[in-house]
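A short write-up of the structure that comes next.
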Amino acid sequence: MIIRIVKMIFDQKNVTDFLDIFNQSKQLIRNFEGCTHLELLYDNNSPNIFFTYSYWESEDYLDYYRASDLFKNIWQKTKPLFSQKAEAWSLVQHVVI
């Protein structure tokens, strides 16, 4: 399983537009093959900083999503709203034995 965290910082004036895009897209992403979880978080002290937190069955599924028309459409609408370049991490859960 891959945990994907994406940090996005928006101009404050664009937050509502981003939330509209996310709310219109979240079920499509959640239903995308390989996605098992998606949530949106925001920074407690900076309400223009958001994080998507998603689980993917494998890196192949995440890559398939990132190459999809769905992702390209969402990203095309979202990217111009950023005030800084987005940051992303793909993580694997560490299991202590």
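Ligands are numbered from 1 in the order shown, chains are lettered A, B, ... in the order of the structure tokens, and residues start at 1 in each chain.
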Checklist entry - Could you pull out the alpha helix (DSSP H) residues of chain A from DSSP and send them as a VMD selection string? => result chain A and resid 15 to 30 59 to 66 69 to 78
Write out, as a compact mmCIF listing (two decimals), in the first residue's frame, the residues just selected, with C-alpha atoms.
```
# COMPACT_ATOMS: atom_id res chain seq x y z
CA VAL A 15 -9.61 28.61 -1.54
CA THR A 16 -13.33 28.51 -2.36
CA ASP A 17 -12.60 27.62 -5.98
CA PHE A 18 -10.30 24.81 -4.88
CA LEU A 19 -12.89 23.45 -2.45
CA ASP A 20 -15.47 23.46 -5.24
CA ILE A 21 -13.12 21.47 -7.48
CA PHE A 22 -12.33 19.02 -4.70
CA ASN A 23 -15.96 18.50 -3.75
CA GLN A 24 -16.92 17.87 -7.39
CA SER A 25 -14.05 15.38 -7.82
CA LYS A 26 -13.67 13.54 -4.52
CA GLN A 27 -16.09 10.68 -5.25
CA LEU A 28 -14.54 10.13 -8.68
CA ILE A 29 -11.10 9.87 -7.09
CA ARG A 30 -12.34 7.64 -4.26
CA GLU A 59 2.42 2.55 -6.77
CA ASP A 60 1.22 1.18 -10.13
CA TYR A 61 -2.36 2.21 -9.30
CA LEU A 62 -1.19 5.66 -8.21
CA ASP A 63 0.79 6.05 -11.44
CA TYR A 64 -2.23 4.90 -13.46
CA TYR A 65 -4.36 7.56 -11.74
CA ARG A 66 -1.73 10.27 -12.31
CA ASP A 69 -7.74 11.99 -17.91
CA LEU A 70 -9.46 12.43 -14.53
CA PHE A 71 -6.24 13.53 -12.83
CA LYS A 72 -5.20 15.73 -15.76
CA ASN A 73 -8.58 17.49 -15.74
CA ILE A 74 -8.51 18.10 -11.97
CA TRP A 75 -4.88 19.21 -11.98
CA GLN A 76 -5.45 21.58 -14.91
CA LYS A 77 -8.12 23.39 -12.89
CA THR A 78 -6.27 23.27 -9.55
```
Checklist entry - Leaving out Leu81 (chain A) and any residue of its chain fewer than 3 positions from it, which residues lie within 7 Å of it when counting only C-alpha atoms, given as a ChimeraX atom specification? => result /A:10-11,14,78
How about saving the chosen residues, N, CA and C atoms kept, as a compact mmCIF listing (two decimals), in the first residue's frame?
```txt
# COMPACT_ATOMS: atom_id res chain seq x y z
N PHE A 10 -2.58 27.72 -1.39
CA PHE A 10 -3.38 28.53 -2.30
C PHE A 10 -3.37 29.99 -1.89
N ASP A 11 -3.54 30.86 -2.88
CA ASP A 11 -3.88 32.24 -2.55
C ASP A 11 -5.22 32.18 -1.82
N ASN A 14 -8.42 32.04 -3.64
CA ASN A 14 -8.71 30.87 -4.47
C ASN A 14 -9.18 29.65 -3.68
N THR A 78 -6.80 22.97 -10.89
CA THR A 78 -6.27 23.27 -9.55
C THR A 78 -4.95 24.02 -9.58
```
Next on the checklist: With DSSP run on the backbone, what are the strand (DSSP E or B) residues within chain A? I'd like them as number ranges by chain.
Outcome noted: A: 2-10, 35-42, 49-56, 82, 87-91
Item to check | Who sits within 9 Å of Ser90 (chain A), only C-alpha atoms, same chain under 5 positions skipped, as a list in words | outcome: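 My list of contacting residues is Ile2, Ile3, Arg4, Ile5, Val6 and Glu59 of chain A.
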Written selection (N, CA, C and O atoms) as an mmCIF file, in the first residue's frame:
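Heads up, here's the output in selection_9.cif:
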```
data_model
loop_
_atom_site.group_PDB
_atom_site.id
_atom_site.type_symbol
_atom_site.label_atom_id
_atom_site.label_comp_id
_atom_site.auth_asym_id
_atom_site.auth_seq_id
_atom_site.Cartn_x
_atom_site.Cartn_y
_atom_site.Cartn_z
ATOM 1 N N ILE A 2 0.457 2.243 -0.743
ATOM 2 C CA ILE A 2 1.136 3.536 -0.818
ATOM 3 C C ILE A 2 0.233 4.583 -0.165
ATOM 4 O O ILE A 2 -0.977 4.633 -0.444
ATOM 5 N N ILE A 3 0.815 5.385 0.684
ATOM 6 C CA ILE A 3 0.119 6.538 1.250
ATOM 7 C C ILE A 3 0.662 7.759 0.524
ATOM 8 O O ILE A 3 1.877 7.970 0.469
ATOM 9 N N ARG A 4 -0.224 8.519 -0.054
ATOM 10 C CA ARG A 4 0.174 9.699 -0.833
ATOM 11 C C ARG A 4 -0.298 10.947 -0.112
ATOM 12 O O ARG A 4 -1.494 11.095 0.204
ATOM 13 N N ILE A 5 0.632 11.839 0.166
ATOM 14 C CA ILE A 5 0.326 13.119 0.802
ATOM 15 C C ILE A 5 0.757 14.222 -0.156
ATOM 16 O O ILE A 5 1.893 14.219 -0.630
ATOM 17 N N VAL A 6 -0.168 15.124 -0.450
ATOM 18 C CA VAL A 6 0.129 16.252 -1.328
ATOM 19 C C VAL A 6 -0.195 17.535 -0.569
ATOM 20 O O VAL A 6 -1.316 17.706 -0.078
ATOM 21 N N GLU A 59 1.909 1.405 -6.026
ATOM 22 C CA GLU A 59 2.421 2.547 -6.774
ATOM 23 C C GLU A 59 1.942 2.511 -8.228
ATOM 24 O O GLU A 59 1.726 3.547 -8.847
#
```
Next on the checklist: as a VMD selection string, please: the residues near region 48-52 of chain A (cut-off 6 Å, only C-alpha atoms, same-chain neighbours under 3 positions excluded).
Outcome noted: chain A and resid 5 to 10 12 39 to 43
Next on the checklist: To one decimal place in Å, what is the distance between CA of Ser83 (chain A) and CA of Ser68 (chain A)?
Outcome noted: 24.8 Å
